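*Asks:* Pasting in a structure now, in structure tokens, and then I'll have a few things to ask.
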Amino acid sequence: MKSSKMIRCVLIVGILLPQSLAHPGFFTSIGQMTDLINTEKDLVTSLKDYIKAEEDKLEQIKKWAEKLDRLTSTATKDPEGFVGHPVNAFKLMKRLNTEWSELENLVLKDMSDGFISNLTIQRQYFPNDEDQIGAAKALLRLQDTYNLDTDTISKGNLPGVKHKSFLTVEDCFELGKVAYTEADYYHTELWMEQALRQLDEGEASTIDKVSVLDYLSYAVYQQGDLDKALLLTKKLLELDPEHQRANGNLKYFEYIMAKEKDANKSTSGDQSDQKTTPKKKGVAVDYLPERQKYEMLCRGEGIKMTPRRQKKLFCRYHDGNRNPKFILAPAKQEDEWDKPRIVRFHDIISDAEIEIVKDLAKPRLSRATVHDPETGKLTTAQYRVSKSAWLSGYENPVVSRINMRIQDLTGLDVSTAEELQVANYGVGGQYEPHFDFARKDEPDAFKELGTGNRIATWLFYMSDVSAGGATVFPEVGASVWPKKGTAVFWYNLFASGEGDYSTRHAACPVLVGNKWVSNKWLHERGQEFRRPCTLSELE
């Protein structure tokens with residue numbers, strides 16, 4: 001009884017726990033999502049314990065039933081003779097008065113207390129609706145960026161995958177519903193059609209064709225293909241003639257088609273059936289040419305490096321302008337691009353250093369933010385899907401050593417730089433095209449720091465990525481691919497202090513894998529004699 005009260009207490013406390021204890025935004029960090037695997041494993045163990053307890057309980061009940069079945073079979077053949085034996089009479093009284101009560105208690109005993117208690121405690125750390133919707137949108141984003149069809153994603157045929165996974169009809173239907181909720185009828189159509197295909201192929205599902213066709217027909221209508229919408233609606237009504245919404249839609253679609261037909265007759269005199277011209281599908285209203293370049297570069301297409309320019313890119317040993325630390329063991333440097341000049345340093349951070357940096361960052365990871373030019377404040381944005389943490393040099397000797405390494409190799413003063421930012425990208429994690437430096441229309445972007453604009457960017461790659469995750473520069477057609485242990489460096493400002501707009505860059509969505517990076521933004525203050533101004537604005 002005491003145990004039962006305690007469990008009820010735990011349940012009530014679990015229900016009353018504030019939502020703030022949860023960790024929303026799991027979908028924005030693969031690193032934090034790995035913790036959920038361990039949580040689920042613990043719950044599975046707890047569930048198996050519960051199943052075992054229920055099986056043991058049923059085994060006891062079964063033994064009782066078998067014993068009593070044999071006893072009553074014998075007794076019912078000669079009831080008077082059976083109870084005429086004083087021992088049988090006593091045991092009959094005892095069974096009905098005591099033992100059946102014990103059996104009742106056993107049947108009523110709730111074996112789920114431990115499992116429910118554990119589930120209630122763990123639930124406060126579960127992903128929420130935002131996470132589920134965010135992960136669904138990430139799949140749609142990956143579909144567009146990497147030109148993947150729904151069948152490829154559904155069958156898990158992605159490049160570099162280690163653990164193949166399939167989407168069920170229910171999964172495809174859910175993706176379609178998420179798109180529908182966002183008024184994204186293009187993706188609604190694609191995923192509802194995929195769900196319908198899998199149903200037609202005989203996949204067992206709790207989702208029926210009527211539900212799929214209901215969403216599909218409306219999504220097609222919203223894109224302007226009235227003929228197809230009418231056809232799908234008729235198909236739905238063949239399966240469910242009493243479907244109220246479909247019957248209403250059928251009348252409406254036929255009315256619209258008749259109206260359009262009359263309008264066509266009066267304007268052109270053309271008596272032939274004229275089909276409604278479908279609207280162009282696929283692209284959103286804000287689909288800019290830059291985005292097209294960005295997505296092409298993410299796929300490794302549209303790179304604008306000519307053979308002539310390629311010949312001028314070299315690899316070299318770099319000693320940081322005769323820095324004593326690198327004279328005997330110079331760093332390996334490779335030219336990645338010429339204008340803007342982007343260089344990559346190889347084997348510049350060790351695996352041990354990477355693990356220390358990640359361990360320091362993991363407990364502090366929070367949704368990455370961007371600077372809002374209108375409010376001047378930091379805010380989350382759909383175009384930046386990752387989690388980040390900031391590490392100071394005084395916290396750990398490794399961080400301090402990394403900072404000094406950047407200073408020694410770039411020749412720039414890091415004392416005025418921002419702290420080391422560590423970022424882990426989530427499902428389809430990305431950061432769409434942006435500048436690292438503040439433009440003239442946002443002069444107060446770094447006013448609080450008092451160190452001027454961001455003169456340069458140093459970016460460490462702390463993991464290999466199975467597919468996707470490149471750093472691309474749409475203005476110049478450059479792609480830089482992640483390679484663990486390397487770092488890339490470029491100047492955001494010309495020596496004159498003017499911004500170099502060709503450095504506009506993006507982090508492509510991670511298709512498969514886990515992307516960890518850390519970056520250092522170096523500022524103008526302290527570089528006056530390290531990188532003197534030039535007389536030309538664009539030098």
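By order in the structure tokens, chains are A, B, ...; within a chain, residues start at 1; ligands start at 1, following the order shown.
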If you run DSSP on this backbone, which residues of stretch 24-224 of chain A come out as alpha helix (DSSP H), and could you give them as a count of residues only?
*Replies:* 147
*Asks:* Skipping near chain neighbours, those fewer than 2 positions away, what residues fall within 9 Å of stretch 442-457 of chain A using only C-alpha atoms, listed as a PyMOL selection string?
*Replies:* chain A and resi 371+373-374+376-377+416-418+436-440+459+488-495+497+499+519-527
*Asks:* So, counting only C-alpha atoms, which residue among A:Tyr425, A:Trp337, A:Tyr50, A:Tyr215 is closest to A:Asn118?
*Replies:*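 For A:Asn118, the nearest of the candidates is A:Tyr50.
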*Asks:* So how far away is atom CA of A:Cys533 from atom CA of A:Ser496, in Å?
*Replies:*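 Value for the atom CA of A:Ser496-atom CA of A:Cys533 distance: 4.8 Å.
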*Asks:* Can you measure atom CA of A:Cys172 to atom CA of A:Trp191 for me? One decimal in Å is fine.
*Replies:* 5.5 Å
*Asks:* Need to verify the contact set: stretch 196-199 of chain A, 9 Å, only C-alpha atoms, exclusion of same-chain residues closer than 2 positions in sequence. Can you return it as a tab-separated table (two decimals) with C-alpha atoms, in the first residue's frame?
*Replies:*
chain	number	residue	atom	x	y	z
A	168	THR	CA	6.31	3.68	-43.31
A	169	VAL	CA	3.01	4.89	-44.74
A	173	PHE	CA	1.57	10.71	-44.14
A	191	TRP	CA	4.52	12.85	-49.61
A	192	MET	CA	0.82	11.98	-49.85
A	193	GLU	CA	1.53	10.42	-53.25
A	194	GLN	CA	4.37	8.43	-51.68
A	201	GLU	CA	2.08	-1.83	-53.02
A	202	GLY	CA	0.32	-3.63	-50.17
A	203	GLU	CA	2.03	-2.16	-47.12
A	204	ALA	CA	-0.05	-2.74	-43.98
A	205	SER	CA	-0.96	0.53	-42.30
A	207	ILE	CA	-3.70	4.99	-42.44
A	208	ASP	CA	-6.30	4.35	-45.12
A	209	LYS	CA	-6.40	5.58	-48.71
A	212	VAL	CA	-4.44	10.21	-47.92
A	213	LEU	CA	-6.64	11.14	-50.89
*Asks:* Could you check which of A:His187, A:Arg291, A:Lys234, A:Arg367 is closest to A:Gln143, using only C-alpha atoms?
*Replies:*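 The shortest atom-to-atom distance to A:Gln143 comes from A:His187.
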*Asks:* Need to verify the contact set: A:Pro509, 7 Å, only C-alpha atoms, exclusion of same-chain residues closer than 3 positions in sequence. Can you return it as a list in words?
*Replies:*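 My reading of the contact set: Leu142, Gly428, Gly429, Gln430, Gly468 and Gly469 of chain A.
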